[in-house]
Amino acid sequence: MTLHHVAFATRDVEATIAFYEGLLGFPLVHVESEQHGPTTWMRHLFFDTGADADGNHGAIAFFAFEGVGERPDWRTDLADSVGVPVWVNHCAFRADADRQDEVRRRMADAGVEPLMEVDHGWCHSVYYLDPNGIMVELCRDTPGFTADPAEARRRLGPAPTPGQG
């Protein structure tokens, strides 16, 4: 199975569209809207993130809403609100060097600088913070890693002792 879509919350639909469609180049391809009363509504926006080898398209989606059971102090970021560093909870998109450069130019033209850029050895990543406080990674395999479930389990090793990582 491949990922169909992942969904997050947004407070600012226009800023989210400007970032994902305008800067990352993911077209807005579907919106569902529901109105359940004068102060209860929901929109679900889908941005096409590209197709896999079988031609199946994936998406990143966002909910904009009011009166659906949310707390008054709800937040959209995936890291700070739960007390972890920004790099822990993030969304990574496969990108080649040309796509990274293209996005980097559009971001720079819009005054958006990378949060960080890291050569991991097996991939090179450029990171941005979206308008919702979600870190987005553009990940270019260099050359990538070879999937090896047995070696992955071996490297996992025993569970760390609490307090020792």
# chains A, B, ... in the order shown; residues from 1 in each chain; ligands from 1
$ residues_around --residues "range 53-69 of chain A" --least-positions-apart "6" --cutoff "10 Å" --atoms "only C-alpha atoms" --output "PyMOL selection string"
chain A and resi 2-13+16-17+20+26-47+91+132
$ residues_around --residues "Cys123 in chain A" --least-positions-apart "2" --cutoff "10 Å" --atoms "only C-alpha atoms" --output "PyMOL selection string"
chain A and resi 118-121+125+138-145
$ write_last_selection --atoms "C-alpha atoms" --output "PDB file, in the first residue's frame"
ATOM      1  CA  VAL A 118      20.889  18.848   5.686  1.00  0.00           C
ATOM      2  CA  ASP A 119      22.955  16.278   3.810  1.00  0.00           C
ATOM      3  CA  HIS A 120      22.029  13.038   5.588  1.00  0.00           C
ATOM      4  CA  GLY A 121      24.490  10.971   3.534  1.00  0.00           C
ATOM      5  CA  SER A 125      16.952  17.641   2.402  1.00  0.00           C
ATOM      6  CA  LEU A 138      11.938  18.256   0.157  1.00  0.00           C
ATOM      7  CA  CYS A 139      13.980  15.033   0.175  1.00  0.00           C
ATOM      8  CA  ARG A 140      16.349  14.092  -2.673  1.00  0.00           C
ATOM      9  CA  ASP A 141      17.836  10.588  -2.555  1.00  0.00           C
ATOM     10  CA  THR A 142      21.654  10.675  -2.892  1.00  0.00           C
ATOM     11  CA  PRO A 143      21.530   7.672  -3.537  1.00  0.00           C
ATOM     12  CA  GLY A 144      18.850   6.744  -1.008  1.00  0.00           C
ATOM     13  CA  PHE A 145      18.987   3.686   1.198  1.00  0.00           C
TER      14      PHE A 145
END
$ closest_residue --among "A:Leu23, A:Tyr128, A:Ile134, A:Glu102" --to "Arg75 in chain A" --atoms "only C-alpha atoms"
A:Ile134
$ select_by_dssp --residues "chain A" --states "strand (DSSP E)" --output "PyMOL selection string"
chain A and resi 5-9+28-35+41-51+57-66+90-94+116-119+123-129+135-141
$ residues_around --residues "Pro85 in chain A" --least-positions-apart "6" --cutoff "12 Å" --atoms "only C-alpha atoms" --output "VMD selection string"
chain A and resid 77 to 79 133 to 135
$ atom_distance --atom1 "CA of Gly163 in chain A" --atom2 "CA of Val88 in chain A"
18.4 Å
$ select_by_dssp --residues "range 7-115 of chain A" --states "helix (DSSP H, G or I)" --output "PyMOL selection string"
chain A and resi 13-23+80-82+97-109
$ write_last_selection --atoms "N, CA and C atoms" --output "mmCIF file, in the first residue's frame"
data_model
loop_
_atom_site.group_PDB
_atom_site.id
_atom_site.type_symbol
_atom_site.label_atom_id
_atom_site.label_comp_id
_atom_site.auth_asym_id
_atom_site.auth_seq_id
_atom_site.Cartn_x
_atom_site.Cartn_y
_atom_site.Cartn_z
ATOM 1 N N VAL A 13 -6.860 29.275 5.208
ATOM 2 C CA VAL A 13 -6.986 28.566 3.939
ATOM 3 C C VAL A 13 -6.176 29.250 2.845
ATOM 4 N N GLU A 14 -6.275 30.567 2.735
ATOM 5 C CA GLU A 14 -5.576 31.263 1.654
ATOM 6 C C GLU A 14 -4.061 31.133 1.779
ATOM 7 N N ALA A 15 -3.519 31.247 2.983
ATOM 8 C CA ALA A 15 -2.075 31.088 3.174
ATOM 9 C C ALA A 15 -1.649 29.656 2.867
ATOM 10 N N THR A 16 -2.485 28.692 3.219
ATOM 11 C CA THR A 16 -2.183 27.290 2.938
ATOM 12 C C THR A 16 -2.178 27.037 1.437
ATOM 13 N N ILE A 17 -3.157 27.578 0.720
ATOM 14 C CA ILE A 17 -3.187 27.443 -0.741
ATOM 15 C C ILE A 17 -1.967 28.126 -1.355
ATOM 16 N N ALA A 18 -1.629 29.319 -0.896
ATOM 17 C CA ALA A 18 -0.474 30.037 -1.444
ATOM 18 C C ALA A 18 0.807 29.230 -1.253
ATOM 19 N N PHE A 19 0.961 28.576 -0.098
ATOM 20 C CA PHE A 19 2.176 27.814 0.175
ATOM 21 C C PHE A 19 2.216 26.523 -0.649
ATOM 22 N N TYR A 20 1.171 25.698 -0.553
ATOM 23 C CA TYR A 20 1.214 24.374 -1.176
ATOM 24 C C TYR A 20 1.035 24.428 -2.689
ATOM 25 N N GLU A 21 0.146 25.270 -3.172
ATOM 26 C CA GLU A 21 -0.055 25.360 -4.613
ATOM 27 C C GLU A 21 0.928 26.341 -5.234
ATOM 28 N N GLY A 22 1.011 27.532 -4.662
ATOM 29 C CA GLY A 22 1.836 28.572 -5.263
ATOM 30 C C GLY A 22 3.326 28.361 -5.115
ATOM 31 N N LEU A 23 3.783 27.899 -3.949
ATOM 32 C CA LEU A 23 5.216 27.764 -3.713
ATOM 33 C C LEU A 23 5.739 26.345 -3.932
ATOM 34 N N ASP A 80 5.729 22.019 18.273
ATOM 35 C CA ASP A 80 5.765 22.854 19.470
ATOM 36 C C ASP A 80 4.558 22.602 20.370
ATOM 37 N N SER A 81 3.396 22.429 19.779
ATOM 38 C CA SER A 81 2.181 22.246 20.581
ATOM 39 C C SER A 81 2.188 20.954 21.385
ATOM 40 N N VAL A 82 3.003 19.983 20.961
ATOM 41 C CA VAL A 82 3.096 18.739 21.726
ATOM 42 C C VAL A 82 4.427 18.621 22.462
ATOM 43 N N ALA A 97 16.825 17.185 -7.723
ATOM 44 C CA ALA A 97 17.578 18.437 -7.568
ATOM 45 C C ALA A 97 16.878 19.595 -8.280
ATOM 46 N N ASP A 98 16.338 19.349 -9.476
ATOM 47 C CA ASP A 98 15.649 20.413 -10.206
ATOM 48 C C ASP A 98 14.427 20.907 -9.436
ATOM 49 N N ARG A 99 13.675 19.992 -8.862
ATOM 50 C CA ARG A 99 12.480 20.383 -8.098
ATOM 51 C C ARG A 99 12.882 21.157 -6.842
ATOM 52 N N GLN A 100 13.932 20.719 -6.158
ATOM 53 C CA GLN A 100 14.410 21.462 -4.992
ATOM 54 C C GLN A 100 14.806 22.884 -5.391
ATOM 55 N N ASP A 101 15.538 23.016 -6.503
ATOM 56 C CA ASP A 101 15.969 24.345 -6.955
ATOM 57 C C ASP A 101 14.791 25.217 -7.363
ATOM 58 N N GLU A 102 13.829 24.621 -8.065
ATOM 59 C CA GLU A 102 12.632 25.353 -8.496
ATOM 60 C C GLU A 102 11.859 25.884 -7.292
ATOM 61 N N VAL A 103 11.643 25.032 -6.295
ATOM 62 C CA VAL A 103 10.919 25.450 -5.090
ATOM 63 C C VAL A 103 11.733 26.478 -4.320
ATOM 64 N N ARG A 104 13.043 26.265 -4.217
ATOM 65 C CA ARG A 104 13.903 27.211 -3.511
ATOM 66 C C ARG A 104 13.790 28.615 -4.125
ATOM 67 N N ARG A 105 13.761 28.692 -5.466
ATOM 68 C CA ARG A 105 13.613 29.997 -6.150
ATOM 69 C C ARG A 105 12.260 30.637 -5.834
ATOM 70 N N ARG A 106 11.191 29.854 -5.925
ATOM 71 C CA ARG A 106 9.864 30.408 -5.639
ATOM 72 C C ARG A 106 9.765 30.867 -4.191
ATOM 73 N N MET A 107 10.310 30.067 -3.288
ATOM 74 C CA MET A 107 10.289 30.437 -1.869
ATOM 75 C C MET A 107 11.074 31.724 -1.646
ATOM 76 N N ALA A 108 12.270 31.814 -2.205
ATOM 77 C CA ALA A 108 13.104 33.009 -2.039
ATOM 78 C C ALA A 108 12.397 34.236 -2.605
ATOM 79 N N ASP A 109 11.771 34.090 -3.764
ATOM 80 C CA ASP A 109 11.031 35.206 -4.364
ATOM 81 C C ASP A 109 9.893 35.665 -3.465
#
$ atom_distance --atom1 "CA of Val112 in chain A" --atom2 "CA of Glu137 in chain A"
14.0 Å
$ atom_distance --atom1 "CA of Val136 in chain A" --atom2 "CA of Gly83 in chain A"
18.1 Å
